[in-house]
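Below is model_35.txt, holding compact mmCIF, C-alpha atoms and all ligand atoms.
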# COMPACT_ATOMS: atom_id res chain seq x y z
CA MET A 19 -20.33 -5.85 -22.14
CA VAL A 20 -17.68 -5.18 -19.53
CA HIS A 21 -17.01 -1.74 -18.14
CA GLY A 22 -14.19 -0.08 -16.27
CA MET A 23 -11.92 2.94 -15.83
CA VAL A 24 -9.64 3.21 -18.86
CA VAL A 25 -6.58 5.46 -19.05
CA GLU A 26 -5.90 6.89 -22.49
CA ASP A 27 -3.69 9.71 -23.67
CA GLY A 28 -6.43 12.22 -22.87
CA GLY A 29 -6.98 10.99 -19.27
CA ALA A 30 -9.12 8.37 -17.50
CA THR A 31 -12.79 7.69 -18.33
CA LEU A 32 -15.40 5.11 -17.47
CA LYS A 33 -15.94 3.01 -20.62
CA GLU A 34 -17.69 -0.05 -21.95
CA TYR A 35 -15.65 -2.59 -23.94
CA ASP A 36 -16.02 -6.16 -25.09
CA GLU A 37 -14.14 -9.10 -23.60
CA ALA A 38 -11.53 -9.07 -26.38
CA PHE A 39 -10.13 -5.82 -24.88
CA LEU A 40 -9.21 -7.72 -21.68
CA GLY A 41 -6.24 -9.45 -23.35
CA ASP A 42 -5.10 -13.04 -23.05
CA GLY A 43 -4.51 -13.86 -19.35
CA GLY A 44 -5.49 -17.41 -18.48
CA VAL A 45 -7.69 -16.63 -15.45
CA VAL A 46 -10.94 -14.70 -15.85
CA VAL A 47 -12.08 -12.89 -12.71
CA ASP A 48 -15.43 -11.28 -11.93
CA VAL A 49 -14.08 -8.32 -10.00
CA VAL A 50 -16.05 -7.32 -6.93
CA TYR A 51 -13.71 -4.86 -5.19
CA SER A 52 -10.62 -2.78 -5.77
CA ASP A 53 -9.25 0.12 -3.74
CA LEU A 54 -7.46 3.45 -4.06
CA ASN A 55 -3.71 3.72 -3.53
CA TYR A 56 -1.29 6.58 -4.13
CA LYS A 57 -0.36 5.04 -7.51
CA ASP A 58 -4.04 4.72 -8.48
CA ALA A 59 -4.52 8.38 -7.66
CA LEU A 60 -1.62 9.29 -9.99
CA ALA A 61 -2.98 7.06 -12.78
CA VAL A 62 -6.61 8.19 -12.79
CA THR A 63 -5.78 11.89 -12.48
CA GLY A 64 -3.55 11.73 -15.55
CA ARG A 65 -0.23 12.20 -13.75
CA PRO A 66 2.82 10.39 -15.12
CA GLY A 67 4.79 7.57 -13.51
CA VAL A 68 2.41 4.61 -13.31
CA VAL A 69 0.64 3.77 -16.61
CA ARG A 70 3.27 2.83 -19.20
CA THR A 71 1.09 1.86 -22.14
CA THR A 72 -2.31 3.11 -23.26
CA PRO A 73 -5.18 2.42 -23.47
CA LEU A 74 -5.00 0.58 -20.11
CA ILE A 75 -7.53 -0.26 -17.40
CA ALA A 76 -6.40 1.39 -14.15
CA GLY A 77 -6.37 -0.15 -10.66
CA ILE A 78 -3.28 -1.81 -9.13
CA ASP A 79 -5.38 -4.25 -7.06
CA LEU A 80 -8.28 -6.59 -7.71
CA VAL A 81 -10.41 -8.87 -5.55
CA GLY A 82 -13.04 -11.10 -7.11
CA THR A 83 -14.16 -14.61 -7.96
CA VAL A 84 -12.66 -16.86 -10.58
CA ALA A 85 -14.99 -17.39 -13.55
CA GLU A 86 -12.69 -19.41 -15.83
CA THR A 87 -9.18 -20.72 -15.32
CA ASP A 88 -6.37 -22.52 -17.15
CA ASP A 89 -4.24 -22.45 -13.97
CA PRO A 90 -4.64 -25.58 -11.78
CA ARG A 91 -4.07 -23.51 -8.59
CA TRP A 92 -7.55 -22.05 -9.07
CA SER A 93 -11.12 -23.32 -9.55
CA PRO A 94 -14.22 -21.44 -10.69
CA GLY A 95 -15.85 -19.71 -7.72
CA ASP A 96 -12.59 -19.21 -5.75
CA TRP A 97 -12.03 -15.76 -4.24
CA ILE A 98 -8.72 -14.35 -5.42
CA VAL A 99 -6.63 -11.24 -4.74
CA LEU A 100 -3.92 -9.83 -6.99
CA ASN A 101 -1.81 -6.83 -5.97
CA GLY A 102 0.66 -5.12 -8.28
CA ALA A 103 2.32 -7.59 -10.67
CA GLY A 104 2.14 -4.97 -13.43
CA LEU A 105 -1.58 -4.18 -13.03
CA SER A 106 -2.25 -0.63 -14.23
CA GLU A 107 1.40 -0.30 -15.31
CA THR A 108 1.81 -2.60 -18.31
CA LYS A 109 -1.25 -4.85 -17.81
CA HIS A 110 -4.94 -4.09 -17.45
CA GLY A 111 -5.78 -3.44 -13.80
CA GLY A 112 -8.62 -3.99 -11.38
CA TYR A 113 -10.99 -1.08 -12.11
CA THR A 114 -13.16 -3.31 -14.32
CA THR A 115 -16.15 -5.56 -13.83
CA ARG A 116 -14.29 -8.46 -15.46
CA ALA A 117 -10.52 -9.06 -15.77
CA ARG A 118 -8.29 -11.56 -17.52
CA ILE A 119 -5.12 -12.03 -15.51
CA ASP A 120 -1.96 -14.04 -15.23
CA ALA A 121 -2.68 -15.37 -11.73
CA LYS A 122 0.81 -16.73 -10.87
CA LEU A 123 1.27 -14.03 -8.18
CA ALA A 124 -2.35 -14.04 -6.98
CA VAL A 125 -3.21 -15.38 -3.53
CA ALA A 126 -6.38 -16.77 -1.99
CA ILE A 127 -8.29 -14.66 0.53
CA PRO A 128 -6.60 -15.55 3.84
CA ASP A 129 -8.56 -17.18 6.65
CA GLY A 130 -9.85 -14.57 9.07
CA LEU A 131 -10.32 -11.76 6.53
CA SER A 132 -13.32 -11.13 4.28
CA PRO A 133 -12.84 -10.30 0.58
CA GLU A 134 -13.99 -6.78 1.43
CA SER A 135 -11.35 -6.37 4.16
CA VAL A 136 -8.66 -7.72 1.83
CA ALA A 137 -9.59 -5.08 -0.74
CA ALA A 138 -9.74 -2.36 1.92
CA LEU A 139 -6.18 -3.30 2.92
CA GLY A 140 -5.05 -3.53 -0.71
CA THR A 141 -1.51 -2.80 -1.85
CA ALA A 142 -1.04 -0.26 0.96
CA GLY A 143 -1.83 -2.83 3.64
CA TYR A 144 0.15 -5.60 2.01
CA THR A 145 3.14 -3.25 1.62
CA ALA A 146 2.89 -2.25 5.29
CA ALA A 147 2.99 -5.98 6.12
CA LEU A 148 6.06 -6.55 3.87
CA SER A 149 7.76 -3.64 5.69
CA VAL A 150 6.98 -4.98 9.17
CA LEU A 151 8.09 -8.50 8.19
CA ARG A 152 11.37 -7.07 6.92
CA ILE A 153 12.03 -5.13 10.12
CA VAL A 154 11.41 -8.26 12.17
CA SER A 155 13.48 -10.49 9.87
CA GLU A 156 16.39 -8.05 10.27
CA GLY A 157 16.28 -8.82 14.00
CA VAL A 158 14.38 -5.85 15.45
CA SER A 159 12.09 -6.81 18.33
CA PRO A 160 9.70 -4.86 20.57
CA GLY A 161 12.21 -4.60 23.45
CA ASP A 162 14.73 -2.76 21.23
CA GLY A 163 12.87 0.55 21.16
CA PRO A 164 10.09 2.35 19.33
CA VAL A 165 9.45 2.04 15.59
CA LEU A 166 8.85 5.28 13.68
CA VAL A 167 6.11 5.27 11.02
CA THR A 168 6.15 8.23 8.61
CA GLY A 169 3.14 9.41 6.58
CA ALA A 170 1.24 7.69 9.36
CA THR A 171 -2.31 8.78 8.43
CA GLY A 172 -1.89 7.38 4.90
CA GLY A 173 -2.70 3.86 3.73
CA VAL A 174 0.73 2.29 4.30
CA GLY A 175 1.29 4.30 7.48
CA SER A 176 -2.07 3.53 9.10
CA ILE A 177 -1.83 -0.20 8.50
CA ALA A 178 1.84 -0.33 9.57
CA THR A 179 0.88 1.44 12.80
CA MET A 180 -1.84 -1.13 13.50
CA LEU A 181 0.36 -4.12 12.68
CA LEU A 182 3.31 -2.90 14.76
CA ALA A 183 1.12 -2.06 17.75
CA THR A 184 -0.56 -5.49 17.60
CA ALA A 185 2.88 -7.12 17.47
CA GLY A 186 3.81 -5.35 20.71
CA PHE A 187 5.99 -2.56 19.31
CA GLU A 188 5.89 0.94 20.68
CA VAL A 189 4.92 3.08 17.67
CA ALA A 190 5.97 6.69 17.07
CA ALA A 191 3.63 7.94 14.34
CA SER A 192 4.77 10.92 12.29
CA THR A 193 2.17 13.04 10.52
CA GLY A 194 1.78 16.45 8.95
CA ARG A 195 -1.75 16.57 10.41
CA VAL A 196 -1.29 16.20 14.19
CA ASP A 197 -4.27 18.38 15.13
CA ARG A 198 -6.77 16.57 12.91
CA PHE A 199 -5.49 13.03 13.22
CA GLY A 200 -3.52 12.69 16.47
CA ASP A 201 -6.44 10.90 18.14
CA TYR A 202 -6.96 8.69 15.08
CA LEU A 203 -3.31 7.57 15.24
CA SER A 204 -3.58 6.87 18.99
CA SER A 205 -6.68 4.75 18.28
CA LEU A 206 -4.57 2.66 15.87
CA GLY A 207 -2.06 2.01 18.66
CA ALA A 208 0.53 4.81 18.30
CA THR A 209 2.02 5.79 21.66
CA GLN A 210 3.92 8.86 20.41
CA ILE A 211 2.75 11.37 17.81
CA VAL A 212 5.61 13.12 16.01
CA ALA A 213 4.90 16.29 14.00
CA ARG A 214 6.21 15.91 10.45
CA GLU A 215 8.07 19.26 10.77
CA GLU A 216 10.36 17.65 13.37
CA LEU A 217 11.67 15.41 10.60
CA GLU A 218 11.85 18.06 7.87
CA GLY A 219 14.82 20.24 6.91
CA ARG A 220 18.46 19.32 6.44
CA GLY A 221 19.51 17.54 9.65
CA LYS A 222 22.88 16.42 10.96
CA PRO A 223 24.24 13.13 9.58
CA LEU A 224 23.97 11.55 13.04
CA GLN A 225 21.19 12.69 15.39
CA LYS A 226 19.98 11.46 18.77
CA ALA A 227 19.40 7.73 18.19
CA GLN A 228 15.86 6.80 19.27
CA TYR A 229 14.14 4.40 16.84
CA ALA A 230 14.85 0.67 16.56
CA GLY A 231 13.07 0.62 13.21
CA VAL A 232 11.37 2.88 10.69
CA VAL A 233 8.55 2.26 8.18
CA ASP A 234 8.90 5.10 5.68
CA SER A 235 6.56 5.87 2.81
CA VAL A 236 7.53 9.54 2.44
CA GLY A 237 11.19 9.69 1.31
CA GLY A 238 13.22 12.93 1.08
CA GLU A 239 14.44 14.77 4.17
CA VAL A 240 11.97 12.90 6.38
CA LEU A 241 13.61 9.59 5.44
CA ALA A 242 17.13 11.04 5.75
CA ASN A 243 16.42 12.37 9.25
CA ALA A 244 14.72 9.10 10.25
CA ILE A 245 17.85 7.18 9.21
CA ALA A 246 19.99 9.62 11.23
CA ARG A 247 17.82 8.91 14.34
CA THR A 248 17.89 5.12 14.07
CA LEU A 249 19.46 3.15 16.93
CA PRO A 250 22.56 1.00 16.34
CA ASN A 251 21.71 -2.09 14.24
CA GLY A 252 18.20 -0.81 13.55
CA THR A 253 16.38 -1.25 10.23
CA VAL A 254 14.70 1.40 8.09
CA THR A 255 12.32 0.26 5.35
CA ALA A 256 11.72 2.60 2.41
CA CYS A 257 8.72 1.99 0.16
CA GLY A 258 7.47 5.37 -0.97
CA LEU A 259 7.96 8.90 -2.19
CA ALA A 260 4.81 10.69 -1.01
CA GLY A 261 7.06 13.61 -0.01
CA SER A 262 10.01 13.24 -2.37
CA ALA A 263 12.00 10.73 -4.40
CA ALA A 264 15.26 12.28 -3.15
CA LEU A 265 17.41 10.83 -0.39
CA PRO A 266 19.62 13.64 0.99
CA ALA A 267 21.44 11.42 3.49
CA THR A 268 25.03 10.47 4.37
CA VAL A 269 26.56 7.04 4.91
CA MET A 270 27.37 7.85 8.59
CA PRO A 271 24.40 5.96 10.16
CA PHE A 272 25.28 2.89 8.08
CA ILE A 273 29.01 2.81 8.87
CA LEU A 274 28.94 4.08 12.48
CA ARG A 275 25.68 2.57 13.73
CA GLY A 276 25.22 -0.47 11.50
CA VAL A 277 21.83 0.80 10.35
CA THR A 278 20.19 -1.18 7.52
CA LEU A 279 18.20 0.55 4.78
CA ALA A 280 15.82 -1.99 3.25
CA GLY A 281 13.86 -1.33 0.05
CA ILE A 282 10.34 -2.71 -0.26
CA ASP A 283 8.87 -3.60 -3.67
CA SER A 284 5.32 -4.88 -3.46
CA VAL A 285 4.77 -5.04 -7.23
CA TRP A 286 7.07 -7.97 -7.91
CA ALA A 287 7.32 -9.56 -4.45
CA SER A 288 7.47 -13.37 -4.59
CA LEU A 289 4.40 -15.52 -4.03
CA GLU A 290 5.95 -16.71 -0.75
CA ASP A 291 6.43 -13.14 0.54
CA ARG A 292 2.88 -12.25 -0.52
CA ALA A 293 1.46 -15.24 1.35
CA ASP A 294 3.50 -14.30 4.48
CA ALA A 295 2.30 -10.68 4.28
CA TRP A 296 -1.35 -11.68 3.95
CA ARG A 297 -0.97 -14.14 6.84
CA LEU A 298 0.42 -11.34 9.01
CA LEU A 299 -2.50 -9.08 8.01
CA SER A 300 -5.04 -11.78 8.84
CA LYS A 301 -3.56 -12.06 12.35
CA GLY A 302 -2.66 -8.43 13.01
CA ILE A 303 -5.66 -6.48 11.73
CA ASP A 304 -8.87 -5.98 13.63
CA PRO A 305 -11.57 -5.98 10.88
CA GLN A 306 -13.78 -3.61 12.88
CA GLN A 307 -10.98 -1.08 13.27
CA LEU A 308 -10.17 -1.45 9.56
CA ASP A 309 -13.80 -0.77 8.78
CA LEU A 310 -13.69 2.46 10.79
CA MET A 311 -10.72 3.77 8.80
CA THR A 312 -12.15 2.76 5.39
CA SER A 313 -14.22 4.99 3.10
CA ARG A 314 -16.29 3.36 0.34
CA ILE A 315 -16.71 4.75 -3.15
CA PRO A 316 -18.15 3.47 -6.44
CA LEU A 317 -15.94 3.14 -9.52
CA GLU A 318 -17.39 6.43 -10.79
CA GLY A 319 -15.85 8.17 -7.76
CA VAL A 320 -12.19 7.22 -8.20
CA ILE A 321 -11.04 10.30 -10.14
CA ALA A 322 -12.43 12.74 -7.57
CA ALA A 323 -11.12 10.61 -4.69
CA GLY A 324 -7.72 10.39 -6.42
CA GLU A 325 -7.48 14.20 -6.54
CA GLN A 326 -8.40 14.32 -2.85
CA LEU A 327 -5.75 11.73 -1.95
CA LEU A 328 -3.03 13.71 -3.73
CA THR A 329 -4.00 16.97 -2.07
CA GLY A 330 -4.12 15.69 1.51
CA GLY A 331 -7.90 15.33 1.70
CA LEU A 332 -8.05 11.63 2.62
CA HIS A 333 -6.72 9.42 5.35
CA GLY A 334 -6.80 5.69 6.02
CA ARG A 335 -8.05 3.50 3.19
CA THR A 336 -10.55 3.81 0.36
CA LEU A 337 -12.44 0.73 -0.89
CA VAL A 338 -13.75 0.79 -4.47
CA GLU A 339 -16.97 -1.16 -4.98
CA ILE A 340 -16.91 -2.51 -8.52
CA SER A 341 -19.95 -4.75 -8.73
N1 LIG B 401 7.21 0.25 -2.89
C1 LIG B 401 5.98 -0.23 -2.98
O1 LIG B 401 5.78 -1.37 -3.36
C2 LIG B 401 4.84 0.63 -2.57
C3 LIG B 401 3.60 0.07 -2.23
C4 LIG B 401 2.59 0.92 -1.73
C5 LIG B 401 2.80 2.29 -1.65
N2 LIG B 401 4.00 2.78 -2.07
C6 LIG B 401 4.27 4.22 -2.01
O2 LIG B 401 4.14 4.63 -0.65
C7 LIG B 401 3.68 5.98 -0.61
C8 LIG B 401 2.43 6.06 0.25
O3 LIG B 401 1.37 5.33 -0.35
P1 LIG B 401 -0.08 5.34 0.31
O4 LIG B 401 -0.96 4.52 -0.57
O5 LIG B 401 0.06 5.04 1.75
O6 LIG B 401 -0.44 6.90 0.10
P2 LIG B 401 -1.37 7.85 1.01
O7 LIG B 401 -2.51 7.08 1.56
O8 LIG B 401 -1.61 9.05 0.20
O9 LIG B 401 -0.41 8.24 2.22
C9 LIG B 401 0.72 9.05 2.06
C10 LIG B 401 0.93 9.87 3.32
O10 LIG B 401 2.17 10.54 3.21
C11 LIG B 401 2.09 11.81 3.85
N3 LIG B 401 2.43 12.86 2.88
C12 LIG B 401 1.69 13.26 1.81
N4 LIG B 401 2.31 14.26 1.17
C13 LIG B 401 3.46 14.49 1.83
C14 LIG B 401 4.54 15.42 1.66
N5 LIG B 401 4.56 16.29 0.65
N6 LIG B 401 5.58 15.36 2.53
C15 LIG B 401 5.58 14.46 3.54
N7 LIG B 401 4.57 13.59 3.77
C16 LIG B 401 3.55 13.60 2.92
C17 LIG B 401 0.66 11.95 4.35
O11 LIG B 401 0.65 11.51 5.72
P3 LIG B 401 0.55 12.53 6.96
O12 LIG B 401 -0.52 13.53 6.59
O13 LIG B 401 0.16 11.64 8.09
O14 LIG B 401 1.88 13.16 7.11
C18 LIG B 401 -0.11 10.96 3.52
O15 LIG B 401 -1.26 10.50 4.18
C19 LIG B 401 3.46 6.39 -2.07
O16 LIG B 401 4.62 7.04 -2.55
C20 LIG B 401 3.28 5.06 -2.77
O17 LIG B 401 3.58 5.09 -4.14
C21 LIG B 401 5.00 1.98 -2.53
Go through the file and emit its structure as structure tokens.
Amino acid sequence: MVHGMVVEDGGATLKEYDEAFLGDGGVVVDVVYSDLNYKDALAVTGRPGVVRTTPLIAGIDLVGTVAETDDPRWSPGDWIVLNGAGLSETKHGGYTTRARIDAKLAVAIPDGLSPESVAALGTAGYTAALSVLRIVSEGVSPGDGPVLVTGATGGVGSIATMLLATAGFEVAASTGRVDRFGDYLSSLGATQIVAREELEGRGKPLQKAQYAGVVDSVGGEVLANAIARTLPNGTVTACGLAGSAALPATVMPFILRGVTLAGIDSVWASLEDRADAWRLLSKGIDPQQLDLMTSRIPLEGVIAAGEQLLTGGLHGRTLVEIS
């Protein structure tokens, strides 16, 4: 029997099921690790917005070894990672000892990172990498000025801070928890710590321009004020709504400062973009530092950890040990 965390109409529970429940994907994976992201926290605590069909195995990421494959890109025994691509939304996810997936958007574990580190980075880390790659591809470079990271103690924010600092950017890290985590953010490479309150409230359409780029995972007024503080021709990436899905902004920064607002979608990113993001992570992440910011939990612990994540009780990344 296989077991995993299944979301049904009444909530999420740990269940046993036979292989027929896994569906008809062509690649069978013995899952070793998954991780906990904001979306996982919503799914396992019964909040709406992620799981679109039930019953469904939760977990937007999986890392494991290939057991059987009808896809010539893979051979039995290969380590494989799949992030997003409908997992835990419309397809069974990674919180299971065995999965059957469509592996077209899966990538191999990149050189320089262990399977465990890849899972610890997970969707949050890979999304941080997509955001940094986008800022750089829009022409922002370290000499242009600091990059603001919002929600900096979270998964996306922590990894973005590390990647930007390694790439030579000055990082201004914004957090609602300066007292508890200011030192943590400095240890990741942030050179300025910005209290979240400084970015809250309705601000003017154009404010003092100070950031060459922004990695935002918070949305709402924080994102609007970040856009209003972006230097001419700077780029703001938006990937999240940890604060709000609203965007109470004006067009002034776009039409008077040439600011670019770039959306980041990790779920359906192309295979090429995924490979680029994982390559950047393999170069830009210090595995020992990643280890220090990673908590480990068993599959049984994901519901409690999900509640903690949504109520501000976690920081950094949470690795889920499946088998
Ligand atoms: N577009 C995509 O493909 C994609 C991929 C990954 C994640 N996301 C989204 O990105 C967001 C962050 O994901 P994550 O996994 O990094 O979550 P996380 O680990 O929970 O981090 C979110 C951070 O946001 C800040 N925050 C929390 N509540 C807030 C509030 N009410 N107002 C302002 N800031 C708040 C906190 O940082 P501080 O305490 O430091 O302020 C928190 O640590 C989520 O909305 C997630 O769905 C999107």
CA of Ile153 in chain A to CA of Leu181 in chain A measures 12.0 Å
Emit as JSON the padded axis-aligned box for all listed atoms of range 27-45 of chain A, 8 Å per side, with centre and edge lengths in Å to one decimal.
{"center_x": -10.7, "center_y": -2.6, "center_z": -20.9, "size_x": 30.0, "size_y": 45.6, "size_z": 26.9}
Distance query Gly334 in chain A at most 7 Å, all atoms listed in the file, self and fewer than 4 positions along chain excluded, as an MDAnalysis selection string: chainID A and resid 171:173 176 311:312
Hey, which residues sit close to ligand LIG 401 (chain B)? Say within 6 Å, counting all atoms listed in the file, and write them as a PyMOL selection string. chain A and resi 55-57+141-142+145+169-175+193-195+235-236+257-261+282-285+327+333
Nearby residues, (3.9, 9.1, -17.2) file frame, 12 Å, all atoms listed in the file, as a PyMOL selection string: chain A and resi 25-27+29+57+60-72+106-108
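Residue nearest Pro250 in chain A, chosen from A:Ser93, A:Thr278, A:Ser341, A:Ser313 and counting all atoms listed in the file: A:Thr278.
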Distance in Å - CA of Ala230 in chain A versus CA of Leu166 in chain A: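 These atoms are spaced 8.1 Å apart.
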Choose the residue, out of A:Ala147, A:Val47, A:Leu54, A:Leu32, that has the smallest atom-to-atom separation from Asp294 in chain A; count all atoms listed in the file.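 Ranking A:Ala147, A:Val47, A:Leu54, A:Leu32 by distance to Asp294 in chain A, first place goes to A:Ala147.
Nearest residue to Arg247 in chain A among A:Gly77, A:Gly22, A:Gly331, A:Gly221 is A:Gly221, counting only C-alpha atoms.
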Just how far from CA of Gly237 in chain A is CA of Ala178 in chain A, in Å to one decimal? 16.0 Å
Find, counting all atoms listed in the file, the residue in A:Lys226, A:Arg275, A:Arg91, A:Arg214 that gets nearest to Glu239 in chain A.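 Checking each candidate against Glu239 in chain A, we get A:Arg214 as the closest.
Ranking A:Gly95, A:Asp53, A:Ala267, A:Val158 by their shortest atom-to-atom distance to Asp79 in chain A, with only C-alpha atoms included, puts A:Asp53 first.
Every protein, DNA or RNA residue with an atom at most 9 Å from Arg152 in chain A, where all atoms listed in the file count and chain neighbours fewer than 3 positions away do not, is listed here: A:Ala147, A:Leu148, A:Ser149, A:Ser155, A:Glu156, A:Gly157, A:Thr253, A:Thr255, A:Ala280, A:Ile282.
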Identify which of the residues A:Val189, A:Ala59, A:Leu105, A:Leu241 lies closest to Gly43 in chain A, counting all atoms listed in the file when measuring atom-to-atom distances.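 Answer, going by the shortest atom-to-atom distance: A:Leu105.
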List as a count of residues only the protein and nucleic acid residues near Lys122 in chain A, meaning an atom at most 10 Å away when all atoms listed in the file are counted, but skip any in the same chain fewer than 4 places from it. 8
Shell of 8 Å around Val212 in chain A, all atoms listed in the file, local chain residues under 6 positions omitted, as a list in words: Ala190, Ala191, Ser192, Thr193 and Val196 of chain A
Output: range 232-295 of chain A of the preceding structure, restricted to C-alpha atoms, written as a short mmCIF file (atom, residue, chain, number, x, y, z; two decimals), in the first residue's frame.
data_model
loop_
_atom_site.label_atom_id
_atom_site.label_comp_id
_atom_site.auth_asym_id
_atom_site.auth_seq_id
_atom_site.Cartn_x
_atom_site.Cartn_y
_atom_site.Cartn_z
CA VAL A 232 12.03 44.45 -6.16
CA VAL A 233 11.22 40.80 -5.41
CA ASP A 234 7.71 40.90 -3.96
CA SER A 235 5.78 37.99 -2.52
CA VAL A 236 3.40 40.07 -0.38
CA GLY A 237 1.20 42.15 -2.74
CA GLY A 238 -1.21 44.87 -1.56
CA GLU A 239 0.01 48.24 -0.28
CA VAL A 240 3.52 46.86 0.25
CA LEU A 241 3.81 46.09 -3.46
CA ALA A 242 2.19 49.42 -4.46
CA ASN A 243 4.64 51.39 -2.31
CA ALA A 244 7.58 49.31 -3.56
CA ILE A 245 6.62 50.15 -7.15
CA ALA A 246 6.39 53.85 -6.19
CA ARG A 247 9.97 53.68 -4.78
CA THR A 248 11.55 51.95 -7.77
CA LEU A 249 14.31 53.79 -9.66
CA PRO A 250 13.83 54.76 -13.33
CA ASN A 251 13.89 51.66 -15.59
CA GLY A 252 13.87 49.33 -12.59
CA THR A 253 11.98 46.02 -12.48
CA VAL A 254 9.53 44.78 -9.86
CA THR A 255 8.63 41.09 -9.83
CA ALA A 256 5.32 40.06 -8.26
CA CYS A 257 4.77 36.42 -7.33
CA GLY A 258 2.65 36.36 -4.21
CA LEU A 259 -0.20 37.57 -2.07
CA ALA A 260 0.94 36.73 1.47
CA GLY A 261 -0.39 40.16 2.52
CA SER A 262 -3.10 40.82 -0.05
CA ALA A 263 -4.21 40.06 -3.60
CA ALA A 264 -5.01 43.74 -4.15
CA LEU A 265 -2.79 46.17 -6.03
CA PRO A 266 -3.74 49.72 -4.96
CA ALA A 267 -1.24 51.44 -7.27
CA THR A 268 -1.26 54.08 -10.01
CA VAL A 269 0.32 53.99 -13.47
CA MET A 270 2.65 56.93 -12.61
CA PRO A 271 5.82 54.85 -11.91
CA PHE A 272 5.31 53.02 -15.21
CA ILE A 273 4.76 56.08 -17.40
CA LEU A 274 7.10 58.56 -15.66
CA ARG A 275 9.93 56.25 -14.56
CA GLY A 276 9.72 53.39 -17.05
CA VAL A 277 9.30 50.87 -14.23
CA THR A 278 8.49 47.29 -15.32
CA LEU A 279 6.09 45.12 -13.32
CA ALA A 280 6.85 41.47 -14.11
CA GLY A 281 4.58 38.61 -13.05
CA ILE A 282 6.15 35.32 -12.00
CA ASP A 283 4.29 32.01 -12.47
CA SER A 284 6.25 29.03 -11.22
CA VAL A 285 3.45 26.51 -11.77
CA TRP A 286 3.54 26.52 -15.56
CA ALA A 287 7.03 27.90 -16.23
CA SER A 288 8.70 26.28 -19.26
CA LEU A 289 11.20 23.46 -18.90
CA GLU A 290 13.92 25.85 -20.10
CA ASP A 291 13.10 28.44 -17.41
CA ARG A 292 12.98 25.70 -14.76
CA ALA A 293 16.41 24.42 -15.81
CA ASP A 294 17.82 28.00 -15.70
CA ALA A 295 16.32 28.59 -12.25
#
